[in-house]
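What follows is a single structure, written as structure tokens, with notes after it.
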Amino acid sequence: MNVFIIGINGGVGRLLSRQLQERGDGVYGLVRQREQQAELEIEGLTTAVCDLSIITVNELAAAFDNMDAIVFSAGSNGGSRETTKAIDGDGIEKAIKATRIAGVDRFLSVSVLPESWRERTLGDDVEYYFAIKKRADVILSRSDLDWVILRPSMLTDEPGSGTVSLGPAEHHDQIAREDVARTLAELIHESRISRQILELNAGSMPISAAVRANIRADA
């Protein structure tokens, strides 16, 4: 498959690109700086240099040409409201429109588990981030694309375990970015999982088995 990752230079996106390369997939993405492009090219990745907040829908659609799937893993992580709206809000809407224009059907979005960090006192900017992420989920879920929304728990940089808990509703704890990337790689290749929202947490089930367990009976 040819997979385009928006957020390819982020924590999950970079790990996902390696998972897909190991499967023999062509991996493409969007970066903001030439230095990032040069670094990723060393790893065999093809990227376009442009800011998601600036690139037009038609320019993004051109970058999606000949892709089999689009992954949106970019995010402000609760930064300024201006950045959150530009990336997590307007950015994903732009990507959805570009996906349609490019004639690509499969679209996977990395969202956020609604309960994440709720045990903490959150500032207004982080609350705004959660609201924008939810709005993006609603917009994607109402589109005619072959979409999957993945909501991971709090992300960590610990080594992945290769096991998770995945389903329509999960408890909030934490999960390694590596396991999120592995789960995404499995979901990209599992066409029977379509138009589903799945929540992801640390767990005891091997990732491939956890993904298969979420294939609906009518798929």
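By order of appearance in the structure tokens: chains A, B, ..., then residues from 1 within every chain, and ligands from 1 in the order shown.
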**OP:** List the neighbours of A:Ala63 out to 12 Å using only C-alpha atoms; skip same-chain residues closer than 2 positions along the sequence, and give me the result as JSON, numbers by chain.
**Re:** {"A": [2, 3, 4, 5, 6, 28, 29, 30, 46, 47, 48, 49, 50, 55, 56, 57, 58, 59, 60, 61, 65, 66, 67, 70, 95, 98, 99, 101, 102, 103, 104]}
**OP:** Can you list, as an MDAnalysis selection string, all residues belonging to chain A that DSSP tags as helix (DSSP H, G or I)?
**Re:** chainID A and resid 11:22 34:42 57:63 81:102 124:141 177:189 207:212
Original post:
Given the choices A:Arg106, A:Arg18, A:His189, A:Arg195, which gets closest to A:Ile149 if the distance is worked out from only C-alpha atoms?
Top reply: A:Arg195
**OP:** Identify, on the basis of only C-alpha atoms, every residue whose closest approach to A:Val148 does not exceed 8 Å; exclude the query and any residue fewer than 2 positions from it along the same chain; express the result as a list in words.
**Re:**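 Near A:Val148, the qualifying residues are Phe107, Leu108, Ser109, Asp146, Leu150, Ile193, Ser194, Arg195, Gln196, Ile197 and Leu198 of chain A.
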Original post:
Any idea what the distance is between atom CA of A:Leu184 and atom CA of A:Arg100?
Top reply: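 Atom-to-atom, atom CA of A:Leu184 and atom CA of A:Arg100 are spaced 21.1 Å apart.
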With stretch 151-164 of chain A as the partner and 7 Å as the cut-off, tabulate the residues of stretch 78-128 of chain A that qualify, each row holding the nearest pair of atoms and their distance in Å to one decimal, using only C-alpha atoms, sorted by chain and rising number, as JSON lines.
```
{"residue": "A:Val110", "atom": "CA", "partner": "A:Arg151", "partner_atom": "CA", "distance": 6.2}
{"residue": "A:Ser111", "atom": "CA", "partner": "A:Arg151", "partner_atom": "CA", "distance": 4.8}
{"residue": "A:Val112", "atom": "CA", "partner": "A:Arg151", "partner_atom": "CA", "distance": 4.4}
{"residue": "A:Leu113", "atom": "CA", "partner": "A:Arg151", "partner_atom": "CA", "distance": 4.7}
{"residue": "A:Ser116", "atom": "CA", "partner": "A:Met154", "partner_atom": "CA", "distance": 5.9}
```
Write the residues of the selection above to a file with N, CA and C atoms, as an mmCIF file, in the first residue's frame.
```
data_model
loop_
_atom_site.group_PDB
_atom_site.id
_atom_site.type_symbol
_atom_site.label_atom_id
_atom_site.label_comp_id
_atom_site.auth_asym_id
_atom_site.auth_seq_id
_atom_site.Cartn_x
_atom_site.Cartn_y
_atom_site.Cartn_z
ATOM 1 N N VAL A 110 -5.885 9.771 14.270
ATOM 2 C CA VAL A 110 -5.468 9.561 15.656
ATOM 3 C C VAL A 110 -6.078 10.686 16.486
ATOM 4 N N SER A 111 -7.036 10.351 17.310
ATOM 5 C CA SER A 111 -7.729 11.340 18.117
ATOM 6 C C SER A 111 -7.214 11.247 19.561
ATOM 7 N N VAL A 112 -8.104 11.382 20.514
ATOM 8 C CA VAL A 112 -7.704 11.324 21.919
ATOM 9 C C VAL A 112 -8.829 10.676 22.722
ATOM 10 N N LEU A 113 -8.462 9.860 23.694
ATOM 11 C CA LEU A 113 -9.450 9.253 24.586
ATOM 12 C C LEU A 113 -10.077 10.372 25.433
ATOM 13 N N SER A 116 -8.757 11.174 28.937
ATOM 14 C CA SER A 116 -7.337 11.423 29.173
ATOM 15 C C SER A 116 -7.117 12.685 30.002
#
```
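Proximity of A:Thr84, A:Leu20, A:Trp147, A:Ile92 to A:Glu127, computed with only C-alpha atoms, is greatest for A:Thr84.
You will find atom CA of A:Asp51 at 12.5 Å from atom CA of A:Asn9.
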**OP:** Have a look at atom CA of A:Gln33 and atom CA of A:Glu186 and let me know their distance in Å, one decimal.
**Re:** 29.2 Å
**OP:** Taking the DSSP assignment computed from this structure's backbone, write out as a PyMOL selection string all residues of chain A that belong to strand (DSSP E).
**Re:** chain A and resi 2-6+26-31+46-49+69-72+106-110+146-152+154-156+163-167+174-176+196-202+205-206
